[in-house]
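Below is input-v1.pdb, which holds PDB, C-alpha atoms, pLDDT in the B column.
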ATOM      1  CA  MET A   1      71.253 100.169 116.825  1.00 56.00           C
ATOM      2  CA  ILE A   2      71.651 100.262 113.027  1.00 57.00           C
ATOM      3  CA  LYS A   3      75.212  98.911 113.324  1.00 52.00           C
ATOM      4  CA  TYR A   4      73.864  96.011 115.376  1.00 47.00           C
ATOM      5  CA  ILE A   5      71.194  95.202 112.791  1.00 53.00           C
ATOM      6  CA  PHE A   6      73.765  95.403 109.980  1.00 51.00           C
ATOM      7  CA  ALA A   7      76.108  93.062 111.891  1.00 51.00           C
ATOM      8  CA  VAL A   8      73.314  90.542 112.410  1.00 51.00           C
ATOM      9  CA  VAL A   9      72.401  90.621 108.712  1.00 53.00           C
ATOM     10  CA  VAL A  10      76.033  90.178 107.644  1.00 55.00           C
ATOM     11  CA  LEU A  11      76.712  87.357 110.094  1.00 54.00           C
ATOM     12  CA  SER A  12      73.511  85.541 109.228  1.00 56.00           C
ATOM     13  CA  SER A  13      74.197  85.777 105.498  1.00 59.00           C
ATOM     14  CA  GLY A  14      77.392  83.723 105.830  1.00 60.00           C
ATOM     15  CA  CYS A  15      79.523  86.342 104.088  1.00 63.00           C
ATOM     16  CA  THR A  16      82.949  87.097 105.450  1.00 64.00           C
ATOM     17  CA  ASP A  17      84.733  90.399 105.793  1.00 56.00           C
ATOM     18  CA  ALA A  18      87.146  89.181 103.097  1.00 54.00           C
ATOM     19  CA  TYR A  19      84.228  88.697 100.695  1.00 54.00           C
ATOM     20  CA  PHE A  20      82.935  92.209 101.381  1.00 50.00           C
ATOM     21  CA  GLY A  21      86.461  93.572 101.057  1.00 53.00           C
ATOM     22  CA  LYS A  22      86.722  91.988  97.629  1.00 51.00           C
ATOM     23  CA  LEU A  23      83.424  93.536  96.569  1.00 50.00           C
ATOM     24  CA  LYS A  24      84.485  96.969  97.844  1.00 50.00           C
ATOM     25  CA  SER A  25      87.779  96.781  95.926  1.00 51.00           C
ATOM     26  CA  LEU A  26      86.179  96.266  92.510  1.00 57.00           C
ATOM     27  CA  GLY A  27      87.627  98.789  90.101  1.00 62.00           C
ATOM     28  CA  ASN A  28      90.195 100.127  92.591  1.00 83.00           C
ATOM     29  CA  SER A  29      93.895 100.298  91.833  1.00 92.00           C
ATOM     30  CA  ALA A  30      96.313  97.981  93.633  1.00 95.00           C
ATOM     31  CA  ARG A  31      99.971  97.713  94.467  1.00 96.00           C
ATOM     32  CA  VAL A  32     101.362  94.716  92.588  1.00 97.00           C
ATOM     33  CA  ARG A  33     104.449  92.884  93.824  1.00 98.00           C
ATOM     34  CA  CYS A  34     105.549  89.616  92.160  1.00 97.00           C
ATOM     35  CA  TRP A  35     108.475  87.292  92.777  1.00 97.00           C
ATOM     36  CA  SER A  36     110.253  84.629  90.763  1.00 95.00           C
ATOM     37  CA  GLY A  37     113.019  82.510  92.215  1.00 95.00           C
ATOM     38  CA  GLY A  38     112.998  84.639  95.348  1.00 95.00           C
ATOM     39  CA  GLN A  39     113.676  87.806  93.314  1.00 97.00           C
ATOM     40  CA  LEU A  40     111.236  90.723  93.151  1.00 98.00           C
ATOM     41  CA  ILE A  41     110.429  91.043  89.431  1.00 97.00           C
ATOM     42  CA  VAL A  42     107.402  93.383  89.471  1.00 97.00           C
ATOM     43  CA  ASP A  43     106.733  96.273  91.853  1.00 98.00           C
ATOM     44  CA  THR A  44     104.153  98.642  90.392  1.00 98.00           C
ATOM     45  CA  THR A  45     100.577  99.898  90.686  1.00 97.00           C
ATOM     46  CA  SER A  46      97.618  98.899  88.538  1.00 96.00           C
ATOM     47  CA  SER A  47      95.207 101.473  87.155  1.00 95.00           C
ATOM     48  CA  GLY A  48      92.265  99.282  88.154  1.00 92.00           C
ATOM     49  CA  LYS A  49      91.313  95.717  88.961  1.00 89.00           C
ATOM     50  CA  ILE A  50      93.762  92.893  88.314  1.00 93.00           C
ATOM     51  CA  HIS A  51      92.356  90.016  86.303  1.00 92.00           C
ATOM     52  CA  SER A  52      93.150  86.351  85.936  1.00 91.00           C
ATOM     53  CA  GLU A  53      91.986  84.008  83.216  1.00 83.00           C
ATOM     54  CA  ALA A  54      90.332  80.653  83.730  1.00 83.00           C
ATOM     55  CA  ASN A  55      92.784  77.755  83.369  1.00 83.00           C
ATOM     56  CA  SER A  56      95.768  80.083  83.805  1.00 82.00           C
ATOM     57  CA  ASN A  57      98.254  80.851  86.566  1.00 83.00           C
ATOM     58  CA  GLY A  58      98.856  84.364  85.278  1.00 92.00           C
ATOM     59  CA  TYR A  59      97.456  87.815  85.874  1.00 95.00           C
ATOM     60  CA  TYR A  60      97.009  90.881  83.702  1.00 95.00           C
ATOM     61  CA  PHE A  61      96.400  94.545  84.409  1.00 95.00           C
ATOM     62  CA  VAL A  62      97.094  98.043  83.114  1.00 96.00           C
ATOM     63  CA  GLU A  63     100.011  99.797  84.798  1.00 97.00           C
ATOM     64  CA  ARG A  64      98.951 103.184  86.175  1.00 96.00           C
ATOM     65  CA  SER A  65     102.194 105.071  85.475  1.00 96.00           C
ATOM     66  CA  THR A  66     102.610 103.973  81.832  1.00 97.00           C
ATOM     67  CA  GLY A  67      99.166 102.847  80.644  1.00 96.00           C
ATOM     68  CA  GLU A  68     100.772  99.616  79.407  1.00 97.00           C
ATOM     69  CA  MET A  69      99.090  96.215  79.661  1.00 97.00           C
ATOM     70  CA  ILE A  70     101.194  93.894  81.824  1.00 96.00           C
ATOM     71  CA  GLU A  71     100.835  90.132  81.982  1.00 95.00           C
ATOM     72  CA  VAL A  72     102.712  88.156  84.616  1.00 95.00           C
ATOM     73  CA  ASP A  73     102.889  84.499  85.625  1.00 93.00           C
ATOM     74  CA  ALA A  74     104.537  84.564  89.056  1.00 94.00           C
ATOM     75  CA  ASP A  75     103.871  84.546  92.792  1.00 94.00           C
ATOM     76  CA  CYS A  76     102.165  87.878  93.436  1.00 95.00           C
ATOM     77  CA  ILE A  77     100.607  89.918  96.198  1.00 95.00           C
ATOM     78  CA  PHE A  78      97.940  92.502  95.392  1.00 95.00           C
ATOM     79  CA  ARG A  79      97.104  95.217  97.919  1.00 94.00           C
ATOM     80  CA  TYR A  80      94.013  97.128  96.789  1.00 90.00           C
ATOM     81  CA  HIS A  81      93.729 100.803  97.647  1.00 82.00           C
ATOM     82  CA  LYS A  82      90.614 102.085  99.390  1.00 75.00           C
TER      83      LYS A  82
END

Could you rewrite the structure in this file as structure tokens?
Amino acid sequence: MIKYIFAVVVLSSGCTDAYFGKLKSLGNSARVRCWSGGQLIVDTTSSGKIHSEANSNGYYFVERSTGEMIEVDADCIFRYHK
């Protein structure tokens, strides 16, 4: 019964599962894969959330394995860990 009530609340609020997924991923690490010219140029894991700046095509994050700040301006896919 509680699941039904929760589903009704979610559906009536107009929020999508993608929106809730984004909220649940806040602060989580992610696999980062970026391409340029069809070549894979970045394949790593962030230590936390990946950020983008207003008026910019790029992204920045801290790499988990090295602790280094990485900035990239490329076509990327981010897969957040649960």

For the provided coordinates, the residues matched by the PyMOL selection byres ((chain A and resi 43) around 8) should be stated as a PyMOL selection string. chain A and resi 31-34+40-42+44-45

In Å to one decimal, how far is CA of Thr66 in chain A from CA of Lys49 in chain A?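 The value is 15.7 Å.
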
List as a ChimeraX atom specification the protein and nucleic acid residues near range 68-70 of chain A, meaning an atom at most 10 Å away when only C-alpha atoms are counted, but skip any in the same chain fewer than 6 places from it. /A:42,46-47,50,59-62

Grab the CA of Asp75 in chain A to CA of Trp35 in chain A distance for me, in Å with one decimal place.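 Distance reported for this atom pair: 5.4 Å.
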
Enumerate, as a list of chain:residue names, the protein, DNA and RNA residues whose atoms approach (103.8, 80.4, 85.2) to within 9 Å, taking into account only C-alpha atoms and the coordinate frame of the file. A:Ser56, A:Asn57, A:Gly58, A:Val72, A:Asp73, A:Ala74, A:Asp75

Output, as AutoDock Vina command-line options, the centre and edge lengths in Å (one decimal) of the axis-aligned box that contains all listed atoms of range 41-60 of chain A with 3 Å of margin on each side.
--center_x 100.4 --center_y 89.6 --center_z 87.5 --size_x 26.1 --size_y 29.7 --size_z 14.6

Between CA of Gly38 in chain A and CA of His51 in chain A, what is the spacing in Å? 23.2 Å

Output check: residues returned by the PyMOL selection byres ((chain A and resi 79) around 7), as a ChimeraX atom specification: /A:30-32,77-78,80-81
